[in-house]
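final.txt (compact mmCIF, C-alpha atoms)
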```
# COMPACT_ATOMS: atom_id res chain seq x y z
CA MET Y 94 77.49 157.54 141.09
CA SER Y 95 79.64 160.32 142.48
CA HIS Y 96 80.91 160.18 146.02
CA ALA Y 97 80.05 162.97 148.42
CA THR Y 98 82.73 165.10 149.97
CA ASP Y 99 82.81 166.47 153.50
CA HIS Y 100 81.74 169.82 152.01
CA ASP Y 101 78.57 168.42 150.45
CA PRO Y 102 75.60 170.59 151.57
CA PHE Y 103 73.55 167.52 152.48
CA LEU Y 104 76.31 166.06 154.66
CA THR Y 105 76.92 169.43 156.31
CA ALA Y 106 73.23 169.67 157.19
CA TRP Y 107 73.18 165.98 158.19
CA ARG Y 108 75.87 166.60 160.79
CA GLY Y 109 74.13 169.71 162.12
CA SER Y 110 71.82 170.17 165.06
CA PHE Y 111 68.46 168.35 165.21
CA THR Y 112 65.46 168.59 167.50
CA GLY Y 113 63.61 165.49 168.59
CA ILE Y 114 59.89 165.37 167.93
CA LEU Y 115 58.75 164.08 171.29
CA ARG Y 116 54.96 164.19 171.16
CA TRP Y 117 52.61 162.76 168.57
CA SER Y 118 50.96 166.18 168.29
CA GLN Y 119 54.37 167.67 167.39
CA LEU Y 120 54.75 165.01 164.70
CA GLU Y 121 51.34 165.90 163.25
CA ALA Y 122 52.40 169.57 163.17
CA LEU Y 123 55.67 168.64 161.43
CA TRP Y 124 53.83 166.63 158.77
CA THR Y 125 51.45 169.59 158.25
CA ARG Y 126 54.39 171.95 157.70
CA ILE Y 127 56.00 169.56 155.22
CA ARG Y 128 52.73 169.05 153.32
CA ALA Y 129 52.31 172.83 153.08
CA ARG Y 130 55.72 172.99 151.41
CA ALA Y 131 55.35 169.91 149.17
CA HIS Y 132 55.92 172.05 146.07
CA GLU Y 133 59.46 172.88 147.26
CA GLY Y 134 60.76 169.50 146.14
CA TRP Y 135 61.23 167.02 148.97
CA TYR Y 136 63.48 164.03 148.45
CA ILE Y 137 62.33 160.82 150.14
CA TYR Y 138 65.31 158.62 150.89
CA ALA Y 139 64.87 155.08 152.23
CA VAL Y 140 68.28 154.45 153.75
CA GLY Y 141 69.64 151.22 152.29
CA GLU Y 142 68.15 151.96 148.87
CA PRO Y 143 69.95 154.15 146.33
CA PRO Y 144 69.39 157.84 147.16
CA PRO Y 145 66.78 159.47 144.94
CA THR Y 146 68.05 161.75 142.20
CA GLU Y 147 64.79 163.67 141.82
CA PRO Y 148 62.40 165.14 144.39
CA ALA Y 149 59.18 163.26 145.01
CA ALA Y 150 56.00 164.48 143.38
CA PRO Y 151 53.72 166.23 145.91
CA GLN Y 152 51.23 163.34 145.78
CA SER Y 153 54.01 160.81 146.47
CA LEU Y 154 55.17 162.89 149.42
CA ALA Y 155 51.60 163.06 150.76
CA ARG Y 156 51.24 159.28 150.43
CA PHE Y 157 54.58 158.69 152.15
CA LEU Y 158 53.61 160.93 155.08
CA VAL Y 159 50.34 159.03 155.57
CA GLU Y 160 52.06 155.65 155.32
CA ILE Y 161 55.05 156.49 157.53
CA ASP Y 162 52.79 158.05 160.16
CA SER Y 163 50.70 154.88 160.20
CA LEU Y 164 53.80 152.68 160.42
CA LEU Y 165 55.33 154.73 163.26
CA ARG Y 166 52.12 154.73 165.28
CA SER Y 167 51.46 151.02 164.81
CA GLU Y 168 55.00 149.84 165.54
CA HIS Y 169 56.16 152.41 168.12
CA ARG Y 170 53.46 151.76 170.69
CA GLU Y 171 54.44 154.47 173.13
CA ASP Y 172 52.59 157.55 174.33
CA TYR Y 173 55.45 159.62 172.90
CA CYS Y 174 57.09 159.80 169.49
CA GLY Y 175 60.82 160.42 170.04
CA ILE Y 176 62.05 158.68 166.85
CA VAL Y 177 61.76 161.59 164.40
CA TYR Y 178 64.25 164.47 164.35
CA ALA Y 179 64.08 167.71 162.37
CA ASP Y 180 66.77 170.30 161.72
CA ASP Y 181 64.13 172.97 162.43
CA PRO Y 182 60.65 171.80 163.47
CA GLU Y 183 59.12 175.15 162.46
CA GLN Y 184 60.81 175.34 159.01
CA PRO Y 185 62.17 171.84 158.36
CA SER Y 186 64.52 171.13 155.50
CA LEU Y 187 65.96 167.82 156.75
CA VAL Y 188 64.10 165.17 158.77
CA LYS Y 189 65.47 161.88 160.09
CA ILE Y 190 62.90 159.14 160.73
CA TYR Y 191 64.13 156.16 162.73
CA ASP Y 192 62.69 152.72 162.08
CA PRO Y 193 60.77 151.53 165.17
CA GLY Y 194 61.65 147.96 164.19
CA LYS Y 195 65.37 148.66 164.56
CA LEU Y 196 65.47 150.68 167.79
CA GLY Y 197 67.13 147.83 169.68
CA ALA Y 198 70.24 148.34 167.56
CA VAL Y 199 70.63 151.91 168.80
CA CYS Y 200 72.05 150.88 172.18
CA GLY Y 201 75.03 148.90 170.92
CA THR Y 202 76.37 151.22 168.26
CA SER Y 203 80.04 151.09 169.33
CA GLY Y 204 80.50 154.83 168.88
CA GLN Y 205 78.90 155.18 165.46
CA PRO Y 206 75.46 156.80 165.51
CA PRO Y 207 72.80 154.62 163.92
CA LEU Y 208 71.33 155.63 160.60
CA PRO Y 209 67.63 156.36 160.34
CA GLY Y 210 65.30 154.28 158.22
CA TRP Y 211 64.12 157.24 156.14
CA VAL Y 212 65.17 160.80 155.41
CA LEU Y 213 63.12 163.70 154.05
CA SER Y 214 65.25 166.45 152.61
CA LEU Y 215 64.97 169.57 150.49
CA MET Y 216 68.56 168.88 149.36
CA PRO Y 217 69.52 165.92 147.17
CA PRO Y 218 70.67 163.22 149.59
CA VAL Y 219 73.90 161.31 149.23
CA ASP Y 220 74.51 157.63 149.89
CA LEU Y 221 75.08 157.35 153.62
CA GLN Y 222 77.29 154.29 153.09
CA VAL Y 223 74.91 151.92 154.79
CA THR Y 224 76.69 148.70 155.65
CA ALA Y 225 73.57 146.74 156.59
CA SER Y 226 70.56 146.39 154.36
CA PRO Y 227 67.16 147.14 155.84
CA PRO Y 228 65.14 144.09 156.89
CA ALA Y 229 63.32 142.34 154.04
CA GLY Y 230 59.95 143.41 155.46
CA ARG Y 231 60.93 147.08 155.25
CA ARG Y 232 62.22 146.66 151.71
CA ARG Y 233 58.92 145.05 150.73
CA TRP Y 234 56.98 147.90 152.42
CA TRP Y 235 59.04 150.53 150.59
CA ARG Y 236 58.72 148.80 147.22
CA ARG Y 237 54.96 148.28 147.65
CA LEU Y 238 54.52 151.94 148.58
CA PHE Y 239 56.15 153.16 145.36
CA GLY Y 240 55.42 150.20 143.10
CA ILE Y 241 59.05 149.18 142.77
CA ARG Y 242 59.37 145.65 141.43
CA HIS Y 243 62.00 143.29 142.80
CA GLN Y 244 65.10 143.33 140.64
CA GLN Y 245 67.39 140.37 140.27
CA GLY Y 246 70.55 140.76 142.33
CA ARG Y 247 69.08 143.24 144.80
```

With the file now loaded, output its structure as structure tokens.
Amino acid sequence: MSHATDHDPFLTAWRGSFTGILRWSQLEALWTRIRARAHEGWYIYAVGEPPPTEPAAPQSLARFLVEIDSLLRSEHREDYCGIVYADDPEQPSLVKIYDPGKLGAVCGTSGQPPLPGWVLSLMPPVDLQVTASPPAGRRRWWRRLFGIRHQQGR
């Protein structure tokens, strides 16, 4: 696997400006915009897993959006969203989705911003050098969603 450089287009976009999706209605609108552009080739990256090398099929993207929306709403029991960020909510090309089960870790980051749980991107993502694996429950959820079987040594 090649290592990304500071000039990698994904990393440049990653370090750019993002807008928080504060209301659930804004999140629904964001999902609608992404679904409308499913044919453009969205990569679905579960941080902690190897980055995908191919964009998701439109039906896989649609399934992910339904499943992640359900997970966010069931586990982030607030009247606001606030855990999804888009580079441009009107024409998104990069979306960071934070895991509601790991929000407690955000406060004590010792200067390093926390990584999201999932990333949607029109650009091929690079390994974000995650030092901590996602919780086993999240790995099981991700693998069940895409039918990934447990591999020895992972």

Gap from atom CA of Y:Arg237 to atom CA of Y:Leu104 - Å, one decimal: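 Going from atom CA of Y:Arg237 over to atom CA of Y:Leu104 covers 28.7 Å.
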
Excluding Y:Pro102 and its own-chain neighbours fewer than 2 positions away, which residues fall within 12 Å of it when counting only C-alpha atoms? Please give them as a list in words. Ala97, Thr98, Asp99, His100, Leu104, Thr105, Ala106, Trp107, Arg108, Gly109, Ser186, Leu187, Ser214, Leu215, Met216, Pro217, Pro218 and Val219 of chain Y

Between Y:Leu238, Y:Leu208, Y:Leu213, Y:Cys174, which is the closest to Y:Leu120 once you count all atoms listed in the file? Y:Cys174

Can you sort out the box for stretch 115-120 of chain Y, edges along x, y and z, all listed atoms in, 3 Å on every side, with centre and edge lengths in Å to one decimal, as JSON?
```
{"center_x": 54.9, "center_y": 165.2, "center_z": 168.0, "size_x": 13.8, "size_y": 10.9, "size_z": 12.6}
```

By how many Å are atom CA of Y:Val212 and atom CA of Y:Arg170 apart?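 Separation of atom CA of Y:Val212 and atom CA of Y:Arg170: 21.3 Å.
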
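Note that atom CA of Y:Glu121 and atom CA of Y:Glu183 are 12.1 Å apart.
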
Looking at all atoms listed in the file, which of Y:Trp135, Y:Tyr191, Y:Tyr178, Y:Trp235 is the one that sits closest to Y:Phe111? Y:Tyr178

Using only C-alpha atoms, determine which residues lie at most 10 Å from Y:Pro143, disregarding the query and same-chain residues fewer than 3 positions distant; provide the list as a list in words.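 Non-adjacent residues within range: Met94, Tyr138, Ala139, Val140, Thr146, Pro218, Val219, Asp220, Leu221 and Gln222 of chain Y.
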
Selected residue, from Y:Leu154, Y:Leu115, Y:Val159, Y:Ala129, that lies nearest to Y:Ile176 when counting all atoms listed in the file: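 Closest residue, counting all atoms listed in the file: Y:Leu115.
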
With all atoms listed in the file as the atoms that count, which of Y:Arg130, Y:His169, Y:Asp162, Y:Pro182 lies nearest to Y:Ser110? Y:Pro182

Among listed residues Y:Phe239, Y:Trp211, Y:Phe103, Y:Trp234, nearest Y:Val177 (using all atoms listed in the file): Y:Trp211

With distances taken over all atoms listed in the file, which residue among Y:Ala179, Y:Leu164, Y:Ala149, Y:Leu158 lies nearest Y:Gln119?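 Among the listed residues, Y:Ala179 lies closest to Y:Gln119.
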
Please identify all polymer residues lying at most 8 Å from the point (62.2, 162.9, 144.1) (file coordinates), using only C-alpha atoms, and present the result as a PDB file with C-alpha atoms, keeping the file's coordinate frame.
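The new file result07.pdb reads:
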```
ATOM      1  CA  GLY Y 134      60.760 169.500 146.140  1.00  0.00           C
ATOM      2  CA  TRP Y 135      61.230 167.020 148.970  1.00  0.00           C
ATOM      3  CA  TYR Y 136      63.480 164.030 148.450  1.00  0.00           C
ATOM      4  CA  ILE Y 137      62.330 160.820 150.140  1.00  0.00           C
ATOM      5  CA  PRO Y 145      66.780 159.470 144.940  1.00  0.00           C
ATOM      6  CA  THR Y 146      68.050 161.750 142.200  1.00  0.00           C
ATOM      7  CA  GLU Y 147      64.790 163.670 141.820  1.00  0.00           C
ATOM      8  CA  PRO Y 148      62.400 165.140 144.390  1.00  0.00           C
ATOM      9  CA  ALA Y 149      59.180 163.260 145.010  1.00  0.00           C
ATOM     10  CA  ALA Y 150      56.000 164.480 143.380  1.00  0.00           C
TER      11      ALA Y 150
END
```
